[in-house]
2 protein chains.
Amino acid sequence: MHYENVVDLKVTQVDQSRIDQVDFDNLMFGKTCSDHMMICDYEDGEWKTPEIIPYGPMLMEPSAKVFHYGQAVFEGMKSYKDGDGKVWLFRPQQNFERINTSAKRMAIPEFPKEYFFSALEKLLNLDYEWIKPGIGNSLYLRPFVIATENGVSASPSNKYRFMIITAPAKAYYEGSVKVIFAEEYSRSADGGVGFAKAAGNYGAQFYPTNLAKAEGFDQIIWTDADTHEYLEEAGTMNIFFRIGDSLVTAPTNDRILDGVTRKSIIALAEEKGIDVQVRRVSVKEIKDAARAGELKEIFGAGTAAVVVPVSAFRHGGEDFELPQLENSYAKQLKANLLDIQYNRAEDPFGWRYEVEIEK
Amino acid sequence: MHYENVVDLKVTQVDQSRIDQVDFDNLMFGKTCSDHMMICDYEDGEWKTPEIIPYGPMLMEPSAKVFHYGQAVFEGMKSYKDGDGKVWLFRPQQNFERINTSAKRMAIPEFPKEYFFSALEKLLNLDYEWIKPGIGNSLYLRPFVIATENGVSASPSNKYRFMIITAPAKAYYEGSVKVIFAEEYSRSADGGVGFAKAAGNYGAQFYPTNLAKAEGFDQIIWTDADTHEYLEEAGTMNIFFRIGDSLVTAPTNDRILDGVTRKSIIALAEEKGIDVQVRRVSVKEIKDAARAGELKEIFGAGTAAVVVPVSAFRHGGEDFELPQLENSYAKQLKANLLDIQYNRAEDPFGWRYEVEIEK
Ligand SMILES: Cc1ncc(COP(=O)(O)O)c(C=O)c1O
Ligand SMILES: Cc1ncc(COP(=O)(O)O)c(C=O)c1O
């Protein structure tokens with residue numbers, strides 16, 4: 001399925017690429033955008049024809065609803081270049097569907113599929129040189145939608161802007177992370193918007209995460225807001241626990257983002273014959289398992305970070321360390337995943353999506 | 001306490017006011033902004049000197065964090081003009097404190113008090129003609145802060161913009177509203193950001209509110225996310241119940257906004273000798289009271305809407321109508337409040353704040 005030529009996008013190319021000014025060995029995640037971006041406005045009940053234009057600032061009214069009411073959603077995906085210079089996306093259909101799921105919950109109109117895929121392919125063609133080969137390198141893609149109607153009444157916007165910006169990335173987290181299991185703060189409520197990639201979900205985590213950082217931790221593992229007894233997910237990653245040789249992860253619900261990496265890890269683990277259990281995981285179970293020496297690994301999984309081992313966690317004033325295993329599930333599954341993403345292995349699940357490069 | 005001359009704001013006035021183009025009899029709430037706005041940037045760890053400039057669009061990078069992570073908070077206040085042309089604010093200190101409370105929860109640096117008050121006073125002097133006298137008329141003031149750092153990594157911004165825009169307003173809701181008590185969706189979680197005027201809290205309500213509208217209702221009264229058994233607040237109003245002759249409202253907590261109107265209504269009602277009960281109110285209690293003929297009124301209270309009677313509510317598939325009382329608490333308390341706000345009555349609580357007009 002390729003949509004590249006389906007929609008006739010308006011394209012305005014940069015006169016001069018900025019790529020020579022970029023130090024690809026020292027990239028800060030998401031900081032440097034590539035030459036082009038996609039912009040598409042919704043007005044009078046419809047999405048207009050998407051345009052590709054040079055990346056740069058845009059004029060916004062101070063009364064635009066996105067600033068006041070956080071009516072905004074986004075996605076995060078990566079494009080990968082293999083040794084032959086071919087460009088790949090990983091399960092992009094999932095991101096497309098998810099941004100529309102998020103949009104629906106935030107009362108934002110759905111975006112057409114042809115526009116989404118045509119824009120991605122065109123951008124990746126234009127900014128082909130920004131995608132560097134080699135494991136860990138990628139061009140991160142950030143589709144997002146913002147409410148652009150002017151006026152500070154608290155009601156849904158009747159104008160929106162869908163954009164895709166892209167930024168070259170190296171691996172997001174290196175090494176492992178230390179986490180705190182949430183006991184007081186929470187990320188989302190039942191019946192809320194936690195399952196959506198709604199902008200406000202992220203800003204709301206910064207303060208508790210800062211408190212965790214002040215205690216020497218990197219991230220928070222969120223628990224259910226009602227009881228704080230069940231482990232749910234991290235700020236931008238789903239979370240897996242290896243107890244004995246079983247891999248356990250929480251089921252998705254309306255508080256948890258249905259991560260593409262999570263479901264891919266589940267499939268890869270099952271294919272390897274690992275016992276995968278998708279069920280509620282209590283803090284107590286994990287602490288008991290840790291004390292009994294049964295807790296072998298915890299790791300997070302998400303597009304930006306791929307797979308990141310947790311080296312330690314804190315809960316109820318107690319600190320737990322996790323062993324660094326030689327042949328951890330985290331390491332194996334990450335390698336399997338990267339091999340598929342970078343076209344270095346078979347793709348039994350049909351997850352790879354080749355971007356047609358016109359040259 | 002007046003801060004007007006404390007800070008030397010940079011002021012750039014409009015060449016030509018837009019006021020003649022405005023139809024003050026047909027204002028849509030928050031749609032038309034006045035001539036000037038305040039803008040103040042935070043960079044390198046400090047708030048720069050605020051500037052007053054003509055209202056208009058501003059340049060924003062597509063990667064600015066506010067678009068992606070909803071790191072944004074706001075306030076809503078009104079300025080009133082009395083029969084002598086004097087200009088008043090209502091408990092502005094409360095809004096100042098609250099925007100900093102909201103900011104803290106969203107990991108945004110606190111804004112200095114002198115800047116806030118100096119900017120308000122300067123704006124109200126420059127846009128004096130935009131404040132129309134007469135009950136119901138006001139110049140609505142919208143202070144807000146947005147995260148302006150570029151870069152799509154999910155971490156707190158190191159740049160912010162504090163702005164104040166203003167918009168002439170007539171009464172927000174006319175008449176009464178029909179509401180649904182939330183049974184499935186929720187507004188905020190324990191340990192979340194519901195008590196903050198964080199942008200994302202509002203966008204998250206649009207979809208459930210649209211569903212309520214499709215059923216013929218105006219608003220949702222949110223219940224606690226855990227059990228949906230306790231009534232909390234409306235989308236932009238706190239909520240009061242008159243059972244017999246007692247006035248009951250939920251205590252504030254970390255899910256509920258601590259409304260200025262709410263606390264003023266409580267004080268006014270107590271001063272009138274009304275039995276005010278600040279305690280949890282269950283859906284069951286309200287339905288039972290309605291069936292027993294004890295539920296005399298429900299009304300919402302907030303800056304934009306002032307006081308709005310609820311004429312009907314739905315819960316569990318049951319519909320309830322409320323009587324329209326001749327001498328309702330809603331009507332009396334609204335009149336008392338407006339009289340203080342518009343300088344038509346004594347101000348025993350010291351709530352009014354006179355803006356010094358330099359003429
Ligand atoms: C809250 C949250 N959980 C989990 C994930 C992981 O999802 P994915 O694997 O689709 O990137 C993300 C996003 O990246 C997220 O924002
Ligand atoms: C969620 C919410 N509840 C209640 C209120 C009422 O607060 P105030 O009376 O301070 O305007 C508001 C804001 O206006 C609000 O946004």
# chains A, B, ... in the order shown; residues from 1 in each chain; ligands from 1
>>> residues_near_ligand(ligand="ligand 1", cutoff="7 Å", atoms="only C-alpha atoms and all ligand atoms", output="VMD selection string")
chain A and resid 76 to 77 197 233 to 238 256 to 262 301 to 304
>>> closest_atom_pairs(of="segment 263-308 of chain B", to="segment 156-179 of chain B", cutoff="9 Å", atoms="only C-alpha atoms", output="tab-separated table")
residue	atom	partner	partner_atom	distance
B:Phe299	CA	B:Ser176	CA	8.7
B:Ala304	CA	B:Tyr172	CA	5.8
B:Ala305	CA	B:Tyr172	CA	4.8
B:Val306	CA	B:Ala171	CA	7.8
B:Val307	CA	B:Tyr173	CA	8.9
B:Val308	CA	B:Ser176	CA	5.8
>>> write_last_selection(atoms="N, CA, C and O atoms", output="JSON list (two decimals), in the first residue's frame")
[["chain", "number", "residue", "atom", "x", "y", "z"],
["B", 299, "PHE", "N", -27.04, 25.39, 41.13],
["B", 299, "PHE", "CA", -26.50, 26.43, 40.25],
["B", 299, "PHE", "C", -24.98, 26.35, 40.17],
["B", 299, "PHE", "O", -24.33, 25.84, 41.07],
["B", 304, "ALA", "N", -16.69, 33.64, 34.34],
["B", 304, "ALA", "CA", -17.26, 33.94, 33.02],
["B", 304, "ALA", "C", -18.79, 33.97, 33.10],
["B", 304, "ALA", "O", -19.43, 34.91, 32.64],
["B", 305, "ALA", "N", -19.36, 32.95, 33.72],
["B", 305, "ALA", "CA", -20.81, 32.80, 33.74],
["B", 305, "ALA", "C", -21.48, 33.47, 34.94],
["B", 305, "ALA", "O", -22.70, 33.59, 34.97],
["B", 306, "VAL", "N", -20.73, 33.88, 35.91],
["B", 306, "VAL", "CA", -21.19, 34.42, 37.19],
["B", 306, "VAL", "C", -21.99, 33.34, 37.94],
["B", 306, "VAL", "O", -21.37, 32.45, 38.51],
["B", 307, "VAL", "N", -23.30, 33.40, 37.91],
["B", 307, "VAL", "CA", -24.11, 32.38, 38.58],
["B", 307, "VAL", "C", -25.17, 31.92, 37.58],
["B", 307, "VAL", "O", -25.86, 32.75, 37.00],
["B", 308, "VAL", "N", -25.25, 30.62, 37.37],
["B", 308, "VAL", "CA", -26.17, 30.10, 36.35],
["B", 308, "VAL", "C", -27.03, 28.99, 36.94],
["B", 308, "VAL", "O", -26.51, 27.96, 37.38]]
>>> select_by_dssp(residues="segment 137-187 of chain A", states="strand (DSSP E)", output="PyMOL selection string")
chain A and resi 138-147+160-169+177-181
>>> interface_residues(of="chain A", to="chain B", cutoff="7 Å", atoms="only C-alpha atoms", output="PyMOL selection string")
chain A and resi 29-31+56-62+67-72+74+105-107+146+150-156+184-193+199-200+202-204+206-207+225-226
>>> residues_around(residues="Asp288 of chain A", least_positions_apart="6", cutoff="12 Å", atoms="only C-alpha atoms", output="number ranges by chain")
A: 243, 281-282, 294-295, 320
>>> residues_around(residues="Glu232 of chain B", least_positions_apart="3", cutoff="9 Å", atoms="only C-alpha atoms", output="compact mmCIF listing (two decimals) with N, CA and C atoms, in the first residue's frame")
# COMPACT_ATOMS: atom_id res chain seq x y z
N ILE B 221 -21.85 17.80 34.76
CA ILE B 221 -21.33 17.97 36.12
C ILE B 221 -20.44 16.76 36.37
N TRP B 222 -19.17 17.04 36.57
CA TRP B 222 -18.21 15.96 36.75
C TRP B 222 -18.35 15.33 38.13
N THR B 223 -18.13 14.04 38.15
CA THR B 223 -18.15 13.29 39.40
C THR B 223 -16.73 12.78 39.65
N ASP B 224 -16.48 12.23 40.82
CA ASP B 224 -15.14 11.70 41.09
C ASP B 224 -14.85 10.54 40.14
N ASN B 238 -17.87 26.02 39.48
CA ASN B 238 -18.13 25.17 40.64
C ASN B 238 -19.64 25.05 40.79
N ILE B 239 -20.07 24.14 41.66
CA ILE B 239 -21.49 23.83 41.64
C ILE B 239 -22.08 23.80 43.06
N THR B 249 -21.97 22.55 48.84
CA THR B 249 -21.02 22.49 47.73
C THR B 249 -19.84 21.60 48.13
N ALA B 250 -19.25 20.97 47.13
CA ALA B 250 -18.14 20.04 47.39
C ALA B 250 -16.92 20.80 47.91
N PRO B 251 -16.18 20.20 48.81
CA PRO B 251 -14.91 20.80 49.23
C PRO B 251 -13.93 20.75 48.05
N THR B 252 -13.01 21.69 48.01
CA THR B 252 -12.01 21.60 46.95
C THR B 252 -11.02 20.49 47.31
N ARG B 255 -8.66 17.54 42.56
CA ARG B 255 -9.36 17.39 41.28
C ARG B 255 -10.22 18.60 40.92
N ILE B 256 -10.45 19.48 41.87
CA ILE B 256 -11.44 20.56 41.69
C ILE B 256 -10.76 21.92 41.72
N ARG B 280 -18.85 16.62 50.89
CA ARG B 280 -19.09 15.81 49.72
C ARG B 280 -20.60 15.67 49.48
N VAL B 281 -20.97 15.71 48.22
CA VAL B 281 -22.39 15.60 47.86
C VAL B 281 -22.51 14.42 46.92
>>> residues_around(residues="Glu121 of chain B", least_positions_apart="5", cutoff="12 Å", atoms="only C-alpha atoms", output="VMD selection string")
chain B and resid 1 to 7 9 37 to 38 52 79 87 to 89 92 114 to 116 126 to 128 141 164 353 to 358
>>> residues_around(residues="Gly244 of chain B", least_positions_apart="5", cutoff="12 Å", atoms="only C-alpha atoms", output="compact mmCIF listing (two decimals) with C-alpha atoms, in the first residue's frame")
# COMPACT_ATOMS: atom_id res chain seq x y z
CA ILE B 274 -27.83 30.79 54.95
CA ASP B 275 -26.68 27.42 56.26
CA VAL B 276 -23.71 26.61 54.00
CA ILE B 286 -29.30 14.77 45.16
CA ALA B 289 -33.68 15.02 47.59
CA ALA B 290 -35.17 15.72 44.18
CA ALA B 292 -38.59 14.03 48.05
CA GLY B 293 -39.15 17.56 46.79
CA GLU B 294 -36.27 18.82 48.94
CA LEU B 295 -33.94 19.80 46.12
CA LYS B 296 -34.81 23.40 45.47
CA GLU B 297 -31.91 24.61 43.33
CA ILE B 298 -28.70 23.70 41.63
CA SER B 328 -33.92 31.76 44.41
CA TYR B 329 -30.58 31.75 46.17
>>> atom_distance(atom1="atom CA of Glu43 of chain B", atom2="atom CA of Ile99 of chain B")
18.9 Å
>>> atom_distance(atom1="atom CA of Val11 of chain B", atom2="atom CA of Trp351 of chain B")
28.9 Å
>>> atom_distance(atom1="atom CA of Thr12 of chain B", atom2="atom CA of Leu123 of chain B")
11.2 Å
>>> select_by_dssp(residues="segment 87-183 of chain B", states="helix (DSSP H, G or I)", output="NGL selection string")
:B and (92-105 or 113-126 or 128-130)
>>> write_last_selection(atoms="C-alpha atoms", output="PDB file, in the first residue's frame")
ATOM      1  CA  PRO B  92      -7.338  39.829  41.504  1.00  0.00           C
ATOM      2  CA  GLN B  93      -4.880  38.656  44.125  1.00  0.00           C
ATOM      3  CA  GLN B  94      -6.700  35.307  44.021  1.00  0.00           C
ATOM      4  CA  ASN B  95      -6.131  34.950  40.305  1.00  0.00           C
ATOM      5  CA  PHE B  96      -2.527  35.953  40.655  1.00  0.00           C
ATOM      6  CA  GLU B  97      -1.943  33.323  43.315  1.00  0.00           C
ATOM      7  CA  ARG B  98      -3.859  30.707  41.402  1.00  0.00           C
ATOM      8  CA  ILE B  99      -1.955  31.111  38.158  1.00  0.00           C
ATOM      9  CA  ASN B 100       1.230  30.526  40.098  1.00  0.00           C
ATOM     10  CA  THR B 101      -0.298  27.485  41.815  1.00  0.00           C
ATOM     11  CA  SER B 102      -1.276  26.161  38.393  1.00  0.00           C
ATOM     12  CA  ALA B 103       2.144  27.034  36.998  1.00  0.00           C
ATOM     13  CA  LYS B 104       3.927  25.143  39.758  1.00  0.00           C
ATOM     14  CA  ARG B 105       1.947  21.973  39.057  1.00  0.00           C
ATOM     15  CA  LYS B 113       3.413  39.897  41.317  1.00  0.00           C
ATOM     16  CA  GLU B 114       4.528  43.406  40.339  1.00  0.00           C
ATOM     17  CA  TYR B 115       4.585  42.413  36.686  1.00  0.00           C
ATOM     18  CA  PHE B 116       1.131  40.916  36.884  1.00  0.00           C
ATOM     19  CA  PHE B 117      -0.485  43.932  38.508  1.00  0.00           C
ATOM     20  CA  SER B 118       1.458  46.542  36.576  1.00  0.00           C
ATOM     21  CA  ALA B 119       0.495  44.899  33.309  1.00  0.00           C
ATOM     22  CA  LEU B 120      -3.174  44.635  34.260  1.00  0.00           C
ATOM     23  CA  GLU B 121      -3.366  48.262  35.275  1.00  0.00           C
ATOM     24  CA  LYS B 122      -1.540  49.483  32.210  1.00  0.00           C
ATOM     25  CA  LEU B 123      -3.715  47.420  29.886  1.00  0.00           C
ATOM     26  CA  LEU B 124      -6.894  48.691  31.526  1.00  0.00           C
ATOM     27  CA  ASN B 125      -5.706  52.251  31.176  1.00  0.00           C
ATOM     28  CA  LEU B 126      -4.844  51.853  27.512  1.00  0.00           C
ATOM     29  CA  TYR B 128     -10.234  51.940  29.047  1.00  0.00           C
ATOM     30  CA  GLU B 129     -12.834  52.518  26.331  1.00  0.00           C
ATOM     31  CA  TRP B 130     -13.198  48.773  25.805  1.00  0.00           C
TER      32      TRP B 130
END
>>> residues_around(residues="Asp339 of chain A", least_positions_apart="2", cutoff="12 Å", atoms="only C-alpha atoms", output="ChimeraX atom specification")
/A:80-83,88,90,134-136,268,332-337,341-348,351-352
>>> write_last_selection(atoms="C-alpha atoms", output="mmCIF file, in the first residue's frame")
data_model
loop_
_atom_site.group_PDB
_atom_site.id
_atom_site.type_symbol
_atom_site.label_atom_id
_atom_site.label_comp_id
_atom_site.auth_asym_id
_atom_site.auth_seq_id
_atom_site.Cartn_x
_atom_site.Cartn_y
_atom_site.Cartn_z
ATOM 1 C CA TYR A 80 15.137 4.153 9.247
ATOM 2 C CA LYS A 81 17.708 3.820 6.471
ATOM 3 C CA ASP A 82 19.261 0.466 5.719
ATOM 4 C CA GLY A 83 22.695 -0.329 4.292
ATOM 5 C CA TRP A 88 11.633 2.211 6.117
ATOM 6 C CA PHE A 90 7.715 0.743 11.235
ATOM 7 C CA GLY A 134 23.265 2.812 11.112
ATOM 8 C CA ILE A 135 21.530 1.229 14.091
ATOM 9 C CA GLY A 136 20.249 3.879 16.485
ATOM 10 C CA LEU A 268 8.382 -10.935 19.337
ATOM 11 C CA GLN A 332 17.397 -9.752 22.952
ATOM 12 C CA LEU A 333 14.063 -8.177 22.156
ATOM 13 C CA LYS A 334 15.604 -4.821 21.408
ATOM 14 C CA ALA A 335 18.024 -6.455 18.987
ATOM 15 C CA ASN A 336 15.202 -8.360 17.294
ATOM 16 C CA LEU A 337 13.160 -5.219 16.982
ATOM 17 C CA GLN A 341 13.231 -1.885 11.783
ATOM 18 C CA TYR A 342 16.553 -1.510 9.974
ATOM 19 C CA ASN A 343 15.821 -4.258 7.437
ATOM 20 C CA ARG A 344 18.513 -6.522 8.786
ATOM 21 C CA ALA A 345 16.268 -9.510 9.402
ATOM 22 C CA GLU A 346 13.188 -11.227 8.102
ATOM 23 C CA ASP A 347 9.951 -9.445 8.828
ATOM 24 C CA PRO A 348 7.591 -12.330 9.628
ATOM 25 C CA TRP A 351 5.686 -4.629 10.053
ATOM 26 C CA ARG A 352 8.086 -2.845 7.742
#
